$ cat structure_14.pdb   # PDB, C-alpha atoms, pLDDT in the B column
ATOM      1  CA  MET A   3      59.052  95.527  70.887  1.00 77.00           C
ATOM      2  CA  PRO A   4      57.163  93.185  73.280  1.00 84.00           C
ATOM      3  CA  LEU A   5      58.828  89.789  73.733  1.00 85.00           C
ATOM      4  CA  GLN A   6      55.926  87.748  72.321  1.00 86.00           C
ATOM      5  CA  LEU A   7      55.785  89.952  69.231  1.00 91.00           C
ATOM      6  CA  LEU A   8      59.555  89.572  68.813  1.00 91.00           C
ATOM      7  CA  VAL A   9      59.214  85.772  68.901  1.00 89.00           C
ATOM      8  CA  VAL A  10      56.638  85.889  66.100  1.00 91.00           C
ATOM      9  CA  ALA A  11      58.816  88.327  64.110  1.00 92.00           C
ATOM     10  CA  LEU A  12      61.861  86.047  64.408  1.00 91.00           C
ATOM     11  CA  ASP A  13      59.806  83.093  63.178  1.00 88.00           C
ATOM     12  CA  ALA A  14      58.605  85.191  60.231  1.00 89.00           C
ATOM     13  CA  ALA A  15      62.213  86.205  59.495  1.00 90.00           C
ATOM     14  CA  LEU A  16      63.366  82.613  58.958  1.00 84.00           C
ATOM     15  CA  TYR A  17      61.897  82.524  55.469  1.00 79.00           C
ATOM     16  CA  PRO A  18      63.944  80.361  53.057  1.00 76.00           C
ATOM     17  CA  THR A  19      62.388  81.992  49.984  1.00 80.00           C
ATOM     18  CA  LEU A  20      63.796  85.365  51.058  1.00 85.00           C
ATOM     19  CA  LEU A  21      67.285  83.916  51.441  1.00 82.00           C
ATOM     20  CA  ALA A  22      67.019  82.249  48.023  1.00 83.00           C
ATOM     21  CA  ALA A  23      66.024  85.585  46.455  1.00 87.00           C
ATOM     22  CA  VAL A  24      68.987  87.275  48.158  1.00 89.00           C
ATOM     23  CA  ALA A  25      71.336  84.581  46.826  1.00 86.00           C
ATOM     24  CA  ILE A  26      70.040  85.113  43.277  1.00 87.00           C
ATOM     25  CA  LEU A  27      70.476  88.887  43.504  1.00 89.00           C
ATOM     26  CA  LEU A  28      73.984  88.588  44.939  1.00 88.00           C
ATOM     27  CA  SER A  29      74.999  86.525  41.907  1.00 85.00           C
ATOM     28  CA  GLN A  30      74.286  89.505  39.620  1.00 86.00           C
ATOM     29  CA  PRO A  31      76.891  92.119  38.603  1.00 84.00           C
ATOM     30  CA  ARG A  32      74.865  95.024  40.109  1.00 87.00           C
ATOM     31  CA  ARG A  33      74.121  93.164  43.307  1.00 89.00           C
ATOM     32  CA  ARG A  34      74.034  96.131  45.712  1.00 92.00           C
ATOM     33  CA  PRO A  35      71.399  98.233  43.883  1.00 93.00           C
ATOM     34  CA  LEU A  36      69.386  95.089  43.068  1.00 93.00           C
ATOM     35  CA  LEU A  37      69.319  93.903  46.674  1.00 94.00           C
ATOM     36  CA  ALA A  38      68.465  97.438  47.835  1.00 95.00           C
ATOM     37  CA  ALA A  39      65.597  97.554  45.309  1.00 95.00           C
ATOM     38  CA  TYR A  40      64.296  94.176  46.482  1.00 95.00           C
ATOM     39  CA  LEU A  41      64.462  95.221  50.123  1.00 95.00           C
ATOM     40  CA  ALA A  42      62.763  98.545  49.366  1.00 96.00           C
ATOM     41  CA  GLY A  43      59.967  96.831  47.468  1.00 95.00           C
ATOM     42  CA  GLY A  44      59.479  94.174  50.122  1.00 95.00           C
ATOM     43  CA  LEU A  45      59.387  96.653  52.987  1.00 96.00           C
ATOM     44  CA  THR A  46      57.086  99.001  51.067  1.00 96.00           C
ATOM     45  CA  ILE A  47      54.367  96.427  50.366  1.00 96.00           C
ATOM     46  CA  SER A  48      54.740  94.663  53.701  1.00 96.00           C
ATOM     47  CA  ILE A  49      54.563  97.815  55.839  1.00 97.00           C
ATOM     48  CA  ALA A  50      51.744  99.339  53.769  1.00 97.00           C
ATOM     49  CA  LEU A  51      49.595  96.201  53.951  1.00 97.00           C
ATOM     50  CA  GLY A  52      50.497  95.744  57.609  1.00 96.00           C
ATOM     51  CA  LEU A  53      49.301  99.218  58.565  1.00 96.00           C
ATOM     52  CA  GLY A  54      46.136  98.719  56.530  1.00 96.00           C
ATOM     53  CA  ILE A  55      45.363  95.361  58.151  1.00 95.00           C
ATOM     54  CA  VAL A  56      45.948  96.745  61.649  1.00 94.00           C
ATOM     55  CA  ALA A  57      43.641  99.693  60.889  1.00 93.00           C
ATOM     56  CA  VAL A  58      40.903  97.336  59.668  1.00 92.00           C
ATOM     57  CA  LEU A  59      41.236  95.077  62.709  1.00 88.00           C
ATOM     58  CA  LYS A  60      41.182  97.989  65.152  1.00 86.00           C
ATOM     59  CA  GLY A  61      38.228  99.549  63.364  1.00 83.00           C
ATOM     60  CA  SER A  62      36.245  96.308  63.429  1.00 81.00           C
ATOM     61  CA  GLY A  63      36.589  95.960  67.201  1.00 72.00           C
ATOM     62  CA  ALA A  64      37.169  92.214  66.764  1.00 69.00           C
ATOM     63  CA  VAL A  65      40.474  92.359  68.648  1.00 71.00           C
ATOM     64  CA  ASP A  66      39.795  95.059  71.195  1.00 65.00           C
ATOM     65  CA  ASN A  67      41.983  93.230  73.708  1.00 59.00           C
ATOM     66  CA  ASP A  68      44.214  90.186  74.026  1.00 56.00           C
ATOM     67  CA  ARG A  69      41.320  88.072  75.275  1.00 56.00           C
ATOM     68  CA  ALA A  70      38.888  88.932  72.512  1.00 56.00           C
ATOM     69  CA  GLY A  71      37.328  85.927  70.816  1.00 58.00           C
ATOM     70  CA  LEU A  72      39.041  86.464  67.469  1.00 63.00           C
ATOM     71  CA  SER A  73      42.409  86.924  69.188  1.00 73.00           C
ATOM     72  CA  TRP A  74      42.692  83.577  70.983  1.00 79.00           C
ATOM     73  CA  ILE A  75      40.733  81.688  68.323  1.00 83.00           C
ATOM     74  CA  THR A  76      43.174  82.957  65.700  1.00 82.00           C
ATOM     75  CA  ASP A  77      46.135  81.841  67.828  1.00 86.00           C
ATOM     76  CA  VAL A  78      44.746  78.332  68.328  1.00 90.00           C
ATOM     77  CA  SER A  79      43.616  77.971  64.699  1.00 89.00           C
ATOM     78  CA  VAL A  80      46.869  79.157  63.136  1.00 88.00           C
ATOM     79  CA  GLY A  81      48.859  77.142  65.687  1.00 90.00           C
ATOM     80  CA  GLY A  82      46.901  74.007  64.836  1.00 93.00           C
ATOM     81  CA  LEU A  83      47.393  74.563  61.109  1.00 91.00           C
ATOM     82  CA  ALA A  84      51.127  75.071  61.699  1.00 88.00           C
ATOM     83  CA  LEU A  85      51.357  71.722  63.527  1.00 92.00           C
ATOM     84  CA  LEU A  86      49.384  69.966  60.785  1.00 92.00           C
ATOM     85  CA  LEU A  87      51.722  71.471  58.207  1.00 88.00           C
ATOM     86  CA  ALA A  88      54.716  70.274  60.239  1.00 88.00           C
ATOM     87  CA  VAL A  89      53.324  66.719  60.187  1.00 91.00           C
ATOM     88  CA  ALA A  90      52.640  66.925  56.450  1.00 88.00           C
ATOM     89  CA  ILE A  91      56.179  68.141  55.729  1.00 87.00           C
ATOM     90  CA  ALA A  92      57.803  65.620  58.085  1.00 87.00           C
ATOM     91  CA  THR A  93      55.924  62.706  56.475  1.00 88.00           C
ATOM     92  CA  ARG A  94      56.555  64.146  52.974  1.00 80.00           C
ATOM     93  CA  ALA A  95      52.809  64.221  52.324  1.00 76.00           C
ATOM     94  CA  ASP A  96      53.273  67.506  50.453  1.00 62.00           C
ATOM     95  CA  ALA A  97      55.865  65.908  48.149  1.00 67.00           C
ATOM     96  CA  ARG A  98      53.587  62.951  47.412  1.00 67.00           C
ATOM     97  CA  PHE A  99      50.720  65.330  46.633  1.00 60.00           C
ATOM     98  CA  LYS A 100      52.898  67.275  44.199  1.00 64.00           C
ATOM     99  CA  GLU A 101      54.029  64.056  42.548  1.00 70.00           C
ATOM    100  CA  ARG A 102      50.426  62.977  42.033  1.00 68.00           C
ATOM    101  CA  ARG A 103      49.564  66.363  40.533  1.00 61.00           C
ATOM    102  CA  ARG A 104      52.613  66.228  38.298  1.00 63.00           C
ATOM    103  CA  ALA A 105      51.702  62.723  37.150  1.00 64.00           C
ATOM    104  CA  ALA A 106      48.188  63.931  36.370  1.00 62.00           C
ATOM    105  CA  GLY A 107      49.588  66.847  34.374  1.00 58.00           C
ATOM    106  CA  ALA A 108      48.083  69.437  36.725  1.00 50.00           C
ATOM    107  CA  ASP A 109      51.356  70.813  38.053  1.00 48.00           C
ATOM    108  CA  ALA A 110      52.615  72.470  34.883  1.00 47.00           C
ATOM    109  CA  ALA A 111      51.674  75.966  36.028  1.00 46.00           C
ATOM    110  CA  THR A 112      53.481  75.525  39.335  1.00 46.00           C
ATOM    111  CA  ALA A 113      56.555  74.080  37.653  1.00 45.00           C
ATOM    112  CA  ALA A 114      56.687  77.054  35.321  1.00 45.00           C
ATOM    113  CA  HIS A 115      56.149  79.617  38.073  1.00 47.00           C
ATOM    114  CA  GLU A 116      59.293  78.938  40.100  1.00 50.00           C
ATOM    115  CA  PRO A 117      61.809  79.392  37.234  1.00 52.00           C
ATOM    116  CA  LEU A 118      59.897  82.504  36.147  1.00 67.00           C
ATOM    117  CA  THR A 119      60.455  84.120  39.553  1.00 70.00           C
ATOM    118  CA  GLN A 120      64.145  83.312  39.362  1.00 73.00           C
ATOM    119  CA  ARG A 121      64.406  84.678  35.835  1.00 75.00           C
ATOM    120  CA  ILE A 122      62.719  87.942  36.843  1.00 80.00           C
ATOM    121  CA  LEU A 123      65.104  88.471  39.764  1.00 80.00           C
ATOM    122  CA  ALA A 124      68.090  87.565  37.595  1.00 78.00           C
ATOM    123  CA  ARG A 125      67.315  90.093  34.849  1.00 76.00           C
ATOM    124  CA  GLY A 126      69.436  92.729  36.533  1.00 72.00           C
ATOM    125  CA  SER A 127      66.844  95.511  36.339  1.00 86.00           C
ATOM    126  CA  VAL A 128      66.297  97.589  39.474  1.00 91.00           C
ATOM    127  CA  PRO A 129      62.683  98.616  38.615  1.00 91.00           C
ATOM    128  CA  ILE A 130      61.723  95.012  37.747  1.00 91.00           C
ATOM    129  CA  VAL A 131      63.256  93.657  40.955  1.00 91.00           C
ATOM    130  CA  PHE A 132      61.412  96.332  42.956  1.00 93.00           C
ATOM    131  CA  LEU A 133      58.097  95.378  41.333  1.00 91.00           C
ATOM    132  CA  ALA A 134      58.809  91.673  41.813  1.00 89.00           C
ATOM    133  CA  ALA A 135      59.409  92.288  45.513  1.00 90.00           C
ATOM    134  CA  LEU A 136      56.002  93.966  45.739  1.00 90.00           C
ATOM    135  CA  ALA A 137      54.369  90.800  44.398  1.00 88.00           C
ATOM    136  CA  ILE A 138      56.472  88.257  46.292  1.00 87.00           C
ATOM    137  CA  ASN A 139      56.397  89.708  49.800  1.00 88.00           C
ATOM    138  CA  LEU A 140      52.722  89.462  50.695  1.00 87.00           C
ATOM    139  CA  PRO A 141      51.858  88.824  54.380  1.00 89.00           C
ATOM    140  CA  GLY A 142      52.395  85.275  55.629  1.00 88.00           C
ATOM    141  CA  ALA A 143      50.801  83.507  58.583  1.00 86.00           C
ATOM    142  CA  ALA A 144      53.325  84.649  61.202  1.00 89.00           C
ATOM    143  CA  TYR A 145      53.124  88.263  60.035  1.00 93.00           C
ATOM    144  CA  LEU A 146      49.318  88.199  60.155  1.00 91.00           C
ATOM    145  CA  VAL A 147      49.469  86.887  63.725  1.00 90.00           C
ATOM    146  CA  GLY A 148      51.876  89.701  64.598  1.00 92.00           C
ATOM    147  CA  LEU A 149      49.548  92.284  63.055  1.00 93.00           C
ATOM    148  CA  LYS A 150      46.657  90.848  65.045  1.00 90.00           C
ATOM    149  CA  ASP A 151      48.735  91.219  68.223  1.00 90.00           C
ATOM    150  CA  ILE A 152      49.544  94.842  67.388  1.00 92.00           C
ATOM    151  CA  ALA A 153      45.888  95.586  66.682  1.00 90.00           C
ATOM    152  CA  ALA A 154      44.860  93.979  69.987  1.00 86.00           C
ATOM    153  CA  GLY A 155      47.102  96.318  71.978  1.00 84.00           C
ATOM    154  CA  HIS A 156      45.899  99.720  73.072  1.00 81.00           C
ATOM    155  CA  HIS A 157      48.454 101.599  70.995  1.00 88.00           C
ATOM    156  CA  GLY A 158      48.185 105.034  69.495  1.00 91.00           C
ATOM    157  CA  THR A 159      48.779 105.639  65.806  1.00 92.00           C
ATOM    158  CA  GLY A 160      52.450 106.489  66.298  1.00 95.00           C
ATOM    159  CA  ALA A 161      53.117 103.373  68.363  1.00 95.00           C
ATOM    160  CA  VAL A 162      51.335 101.180  65.791  1.00 95.00           C
ATOM    161  CA  ILE A 163      53.548 102.556  63.017  1.00 96.00           C
ATOM    162  CA  VAL A 164      56.678 101.962  65.102  1.00 97.00           C
ATOM    163  CA  LEU A 165      55.652  98.383  65.943  1.00 96.00           C
ATOM    164  CA  VAL A 166      54.769  97.490  62.350  1.00 97.00           C
ATOM    165  CA  VAL A 167      58.029  98.974  61.050  1.00 97.00           C
ATOM    166  CA  ALA A 168      60.049  97.255  63.816  1.00 97.00           C
ATOM    167  CA  PHE A 169      58.386  93.919  63.019  1.00 97.00           C
ATOM    168  CA  ASN A 170      59.342  94.317  59.356  1.00 97.00           C
ATOM    169  CA  VAL A 171      62.913  95.281  60.211  1.00 96.00           C
ATOM    170  CA  VAL A 172      63.256  91.982  62.073  1.00 96.00           C
ATOM    171  CA  MET A 173      61.354  90.020  59.418  1.00 95.00           C
ATOM    172  CA  PHE A 174      63.601  91.239  56.569  1.00 96.00           C
ATOM    173  CA  ALA A 175      66.859  90.663  58.451  1.00 94.00           C
ATOM    174  CA  LEU A 176      67.983  88.036  55.920  1.00 91.00           C
ATOM    175  CA  ALA A 177      68.065  90.784  53.280  1.00 93.00           C
ATOM    176  CA  GLU A 178      69.195  93.683  55.474  1.00 95.00           C
ATOM    177  CA  ILE A 179      72.271  91.962  56.915  1.00 94.00           C
ATOM    178  CA  PRO A 180      73.679  90.964  53.483  1.00 94.00           C
ATOM    179  CA  LEU A 181      73.037  94.499  52.188  1.00 94.00           C
ATOM    180  CA  VAL A 182      75.137  95.905  55.030  1.00 95.00           C
ATOM    181  CA  GLY A 183      77.699  93.192  54.354  1.00 94.00           C
ATOM    182  CA  LEU A 184      77.993  94.310  50.720  1.00 92.00           C
ATOM    183  CA  VAL A 185      79.189  97.673  51.999  1.00 91.00           C
ATOM    184  CA  VAL A 186      81.580  96.328  54.628  1.00 91.00           C
ATOM    185  CA  ALA A 187      82.903  93.099  53.070  1.00 91.00           C
ATOM    186  CA  PRO A 188      81.328  92.409  49.643  1.00 90.00           C
ATOM    187  CA  GLU A 189      83.114  89.224  48.577  1.00 89.00           C
ATOM    188  CA  ARG A 190      82.947  87.606  52.003  1.00 92.00           C
ATOM    189  CA  THR A 191      79.227  88.413  52.192  1.00 91.00           C
ATOM    190  CA  VAL A 192      78.517  86.779  48.818  1.00 90.00           C
ATOM    191  CA  THR A 193      80.436  83.647  49.809  1.00 92.00           C
ATOM    192  CA  LEU A 194      78.712  83.436  53.179  1.00 92.00           C
ATOM    193  CA  VAL A 195      75.240  83.858  51.681  1.00 89.00           C
ATOM    194  CA  GLU A 196      75.984  81.140  49.124  1.00 88.00           C
ATOM    195  CA  HIS A 197      77.072  78.745  51.880  1.00 91.00           C
ATOM    196  CA  VAL A 198      74.060  79.550  54.067  1.00 87.00           C
ATOM    197  CA  ASN A 199      71.658  79.254  51.133  1.00 83.00           C
ATOM    198  CA  GLY A 200      73.180  75.897  50.204  1.00 88.00           C
ATOM    199  CA  TRP A 201      72.784  74.636  53.759  1.00 88.00           C
ATOM    200  CA  VAL A 202      69.204  75.896  53.954  1.00 82.00           C
ATOM    201  CA  SER A 203      68.357  74.260  50.611  1.00 81.00           C
ATOM    202  CA  ALA A 204      69.810  70.956  51.779  1.00 86.00           C
ATOM    203  CA  ASN A 205      67.924  71.124  55.092  1.00 85.00           C
ATOM    204  CA  SER A 206      64.811  73.022  54.014  1.00 83.00           C
ATOM    205  CA  ARG A 207      62.379  70.288  55.055  1.00 85.00           C
ATOM    206  CA  ARG A 208      63.856  69.947  58.536  1.00 88.00           C
ATOM    207  CA  ILE A 209      63.951  73.736  58.996  1.00 87.00           C
ATOM    208  CA  ALA A 210      60.318  74.064  57.898  1.00 86.00           C
ATOM    209  CA  VAL A 211      59.226  71.376  60.370  1.00 90.00           C
ATOM    210  CA  VAL A 212      61.047  73.048  63.268  1.00 89.00           C
ATOM    211  CA  LEU A 213      59.638  76.493  62.433  1.00 88.00           C
ATOM    212  CA  CYS A 214      56.091  75.163  62.108  1.00 89.00           C
ATOM    213  CA  VAL A 215      56.341  73.240  65.392  1.00 92.00           C
ATOM    214  CA  VAL A 216      57.773  76.219  67.276  1.00 90.00           C
ATOM    215  CA  LEU A 217      55.136  78.588  65.905  1.00 89.00           C
ATOM    216  CA  GLY A 218      52.324  76.070  66.425  1.00 90.00           C
ATOM    217  CA  VAL A 219      53.188  75.224  70.035  1.00 93.00           C
ATOM    218  CA  PHE A 220      53.742  78.884  70.894  1.00 90.00           C
ATOM    219  CA  LEU A 221      50.419  80.035  69.430  1.00 90.00           C
ATOM    220  CA  ILE A 222      48.338  77.186  70.859  1.00 93.00           C
ATOM    221  CA  ALA A 223      49.807  77.654  74.339  1.00 91.00           C
ATOM    222  CA  ARG A 224      49.183  81.397  74.160  1.00 86.00           C
ATOM    223  CA  GLY A 225      45.685  80.972  72.761  1.00 85.00           C
ATOM    224  CA  VAL A 226      44.685  78.477  75.463  1.00 88.00           C
ATOM    225  CA  GLY A 227      46.049  80.853  78.088  1.00 85.00           C
ATOM    226  CA  LYS A 228      43.855  83.674  76.737  1.00 75.00           C
ATOM    227  CA  ALA A 229      40.642  81.621  76.421  1.00 69.00           C
TER
END
$ encode --input "structure_14.pdb" --output "structure tokens"
Amino acid sequence: MPLQLLVVALDAALYPTLLAAVAILLSQPRRRPLLAAYLAGGLTISIALGLGIVAVLKGSGAVDNDRAGLSWITDVSVGGLALLLAVAIATRADARFKERRRAAGADAATAAHEPLTQRILARGSVPIVFLAALAINLPGAAYLVGLKDIAAGHHGTGAVIVLVVAFNVVMFALAEIPLVGLVVAPERTVTLVEHVNGWVSANSRRIAVVLCVVLGVFLIARGVGKA
């Protein structure tokens, strides 16, 4: 995998929601099949959509090469949005916005959605967890940038498939590593995931700021270099 694509994949992998889902599934009695079902569902939808998006981009000709207009404009635009999001999170503007919505009674749907996701994952049903993973793991900003990079390269069909699959393998590392751990050292893996999830929850705002800044600076610098 090219180095720049690996950087984007690693940023996409540091996804707190994925770790939280893993922690919920590891707390269930049938944790190994549930985590395997979640990983299978996530990889299925992510790889399928990824291949489709790359095919559409390549077919449109909008990213024929790394210096195509859409390519560098996308880098600069997404990078700028990432930096704006970092500022909003660092200044807690997002929290104040949610508080205002909650005070106005407009946040009820959002408040109900989060526990619902947790309840679905905690039901202990392999088919339900698989279907939930299909709905939860839709492409995020970093993944879309990675797909744009793959589409901009002059790769054959086989190479595109390999790159998309490799990107997803890196992106889902927070689920793949615990699944391997459940085979090698189950109890130690559960304890470690709980500790890591607790640390991430306690430092989620700081982690989000760092990830947004890293992604934003990287994309803007690369986009300016391509322009």
$ resolve_selection --input "structure_14.pdb" --expression "the PyMOL selection byres ((chain A and resi 84) around 8)" --output "MDAnalysis selection string"
chainID A and resid 80:83 85:88 214:215 217:218
$ write_last_selection --input "structure_14.pdb" --atoms "C-alpha atoms" --output "mmCIF file, keeping the file's coordinate frame"
data_model
loop_
_atom_site.group_PDB
_atom_site.id
_atom_site.type_symbol
_atom_site.label_atom_id
_atom_site.label_comp_id
_atom_site.auth_asym_id
_atom_site.auth_seq_id
_atom_site.Cartn_x
_atom_site.Cartn_y
_atom_site.Cartn_z
ATOM 1 C CA VAL A 80 46.869 79.157 63.136
ATOM 2 C CA GLY A 81 48.859 77.142 65.687
ATOM 3 C CA GLY A 82 46.901 74.007 64.836
ATOM 4 C CA LEU A 83 47.393 74.563 61.109
ATOM 5 C CA LEU A 85 51.357 71.722 63.527
ATOM 6 C CA LEU A 86 49.384 69.966 60.785
ATOM 7 C CA LEU A 87 51.722 71.471 58.207
ATOM 8 C CA ALA A 88 54.716 70.274 60.239
ATOM 9 C CA CYS A 214 56.091 75.163 62.108
ATOM 10 C CA VAL A 215 56.341 73.240 65.392
ATOM 11 C CA LEU A 217 55.136 78.588 65.905
ATOM 12 C CA GLY A 218 52.324 76.070 66.425
#
$ resolve_selection --input "structure_14.pdb" --expression "the PyMOL selection byres ((chain A and resi 39-49) around 7)" --output "JSON, numbers by chain"
{"A": [35, 36, 37, 38, 50, 51, 52, 53, 128, 131, 132, 133, 135, 136, 139, 140, 141, 166, 167, 170, 177]}
$ resolve_selection --input "structure_14.pdb" --expression "the PyMOL selection byres ((chain A and resi 192) around 12)" --output "PyMOL selection string"
chain A and resi 21+24-31+33-34+37+179-191+193-199
$ atom_distance --input "structure_14.pdb" --atom1 "atom CA of Leu7 of chain A" --atom2 "atom CA of Gly148 of chain A"
6.1 Å
$ closest_residue --input "structure_14.pdb" --among "A:Val162, A:Leu213, A:Val226, A:Met173" --to "Leu149 of chain A" --atoms "all atoms listed in the file"
A:Val162
$ atom_distance --input "structure_14.pdb" --atom1 "atom CA of Val147 of chain A" --atom2 "atom CA of Met3 of chain A"
14.8 Å
$ atom_distance --input "structure_14.pdb" --atom1 "atom CA of Leu8 of chain A" --atom2 "atom CA of Phe169 of chain A"
7.3 Å
$ residues_around --input "structure_14.pdb" --residues "Ala92 of chain A" --least-positions-apart "4" --cutoff "8 Å" --atoms "only C-alpha atoms" --output "PyMOL selection string"
chain A and resi 88+207-208+211
$ write_last_selection --input "structure_14.pdb" --atoms "C-alpha atoms" --output "tab-separated table (two decimals), in the frame of the given file"
chain	number	residue	atom	x	y	z
A	88	ALA	CA	54.72	70.27	60.24
A	207	ARG	CA	62.38	70.29	55.06
A	208	ARG	CA	63.86	69.95	58.54
A	211	VAL	CA	59.23	71.38	60.37
$ residues_around --input "structure_14.pdb" --residues "segment 118-122 of chain A" --least-positions-apart "5" --cutoff "9 Å" --atoms "all atoms listed in the file" --output "PyMOL selection string"
chain A and resi 23+26+127+130-131+134+138
$ write_last_selection --input "structure_14.pdb" --atoms "C-alpha atoms" --output "short mmCIF file (atom, residue, chain, number, x, y, z; two decimals), in the frame of the given file"
data_model
loop_
_atom_site.label_atom_id
_atom_site.label_comp_id
_atom_site.auth_asym_id
_atom_site.auth_seq_id
_atom_site.Cartn_x
_atom_site.Cartn_y
_atom_site.Cartn_z
CA ALA A 23 66.02 85.58 46.46
CA ILE A 26 70.04 85.11 43.28
CA SER A 127 66.84 95.51 36.34
CA ILE A 130 61.72 95.01 37.75
CA VAL A 131 63.26 93.66 40.96
CA ALA A 134 58.81 91.67 41.81
CA ILE A 138 56.47 88.26 46.29
#
$ decode --input "structure_14.pdb" --residues "segment 39-85 of chain A" --atoms "C-alpha atoms" --output "mmCIF file, in the first residue's frame"
data_model
loop_
_atom_site.group_PDB
_atom_site.id
_atom_site.type_symbol
_atom_site.label_atom_id
_atom_site.label_comp_id
_atom_site.auth_asym_id
_atom_site.auth_seq_id
_atom_site.Cartn_x
_atom_site.Cartn_y
_atom_site.Cartn_z
ATOM 1 C CA ALA A 39 -20.377 -11.090 12.767
ATOM 2 C CA TYR A 40 -19.803 -7.374 13.356
ATOM 3 C CA LEU A 41 -16.461 -7.466 11.568
ATOM 4 C CA ALA A 42 -17.937 -9.444 8.666
ATOM 5 C CA GLY A 43 -20.812 -7.004 8.296
ATOM 6 C CA GLY A 44 -18.567 -3.963 8.530
ATOM 7 C CA LEU A 45 -16.066 -5.265 6.000
ATOM 8 C CA THR A 46 -18.830 -6.400 3.641
ATOM 9 C CA ILE A 47 -20.573 -3.021 3.397
ATOM 10 C CA SER A 48 -17.363 -1.006 3.499
ATOM 11 C CA ILE A 49 -15.568 -2.981 0.776
ATOM 12 C CA ALA A 50 -18.672 -3.204 -1.430
ATOM 13 C CA LEU A 51 -19.362 0.536 -1.246
ATOM 14 C CA GLY A 52 -15.661 1.281 -1.631
ATOM 15 C CA LEU A 53 -15.376 -0.689 -4.864
ATOM 16 C CA GLY A 54 -18.557 0.927 -6.161
ATOM 17 C CA ILE A 55 -17.354 4.450 -5.358
ATOM 18 C CA VAL A 56 -13.968 3.827 -6.985
ATOM 19 C CA ALA A 57 -15.699 2.477 -10.111
ATOM 20 C CA VAL A 58 -17.924 5.568 -10.309
ATOM 21 C CA LEU A 59 -14.987 7.938 -9.843
ATOM 22 C CA LYS A 60 -12.859 6.166 -12.448
ATOM 23 C CA GLY A 61 -15.768 6.050 -14.873
ATOM 24 C CA SER A 62 -16.490 9.759 -14.466
ATOM 25 C CA GLY A 63 -12.925 10.738 -15.363
ATOM 26 C CA ALA A 64 -12.998 13.376 -12.609
ATOM 27 C CA VAL A 65 -9.887 11.940 -10.949
ATOM 28 C CA ASP A 66 -7.928 10.696 -13.925
ATOM 29 C CA ASN A 67 -4.685 11.607 -12.162
ATOM 30 C CA ASP A 68 -3.386 12.972 -8.877
ATOM 31 C CA ARG A 69 -3.448 16.524 -10.215
ATOM 32 C CA ALA A 70 -7.002 16.473 -11.504
ATOM 33 C CA GLY A 71 -9.141 19.355 -10.294
ATOM 34 C CA LEU A 72 -11.447 17.226 -8.154
ATOM 35 C CA SER A 73 -8.465 15.461 -6.574
ATOM 36 C CA TRP A 74 -6.653 18.453 -5.066
ATOM 37 C CA ILE A 75 -9.857 20.413 -4.451
ATOM 38 C CA THR A 76 -11.213 17.471 -2.463
ATOM 39 C CA ASP A 77 -8.002 17.300 -0.411
ATOM 40 C CA VAL A 78 -8.072 21.012 0.431
ATOM 41 C CA SER A 79 -11.829 21.062 1.112
ATOM 42 C CA VAL A 80 -11.878 18.002 3.363
ATOM 43 C CA GLY A 81 -8.682 19.178 5.076
ATOM 44 C CA GLY A 82 -10.224 22.573 5.767
ATOM 45 C CA LEU A 83 -13.395 20.991 7.139
ATOM 46 C CA ALA A 84 -11.279 18.729 9.364
ATOM 47 C CA LEU A 85 -9.462 21.759 10.821
#
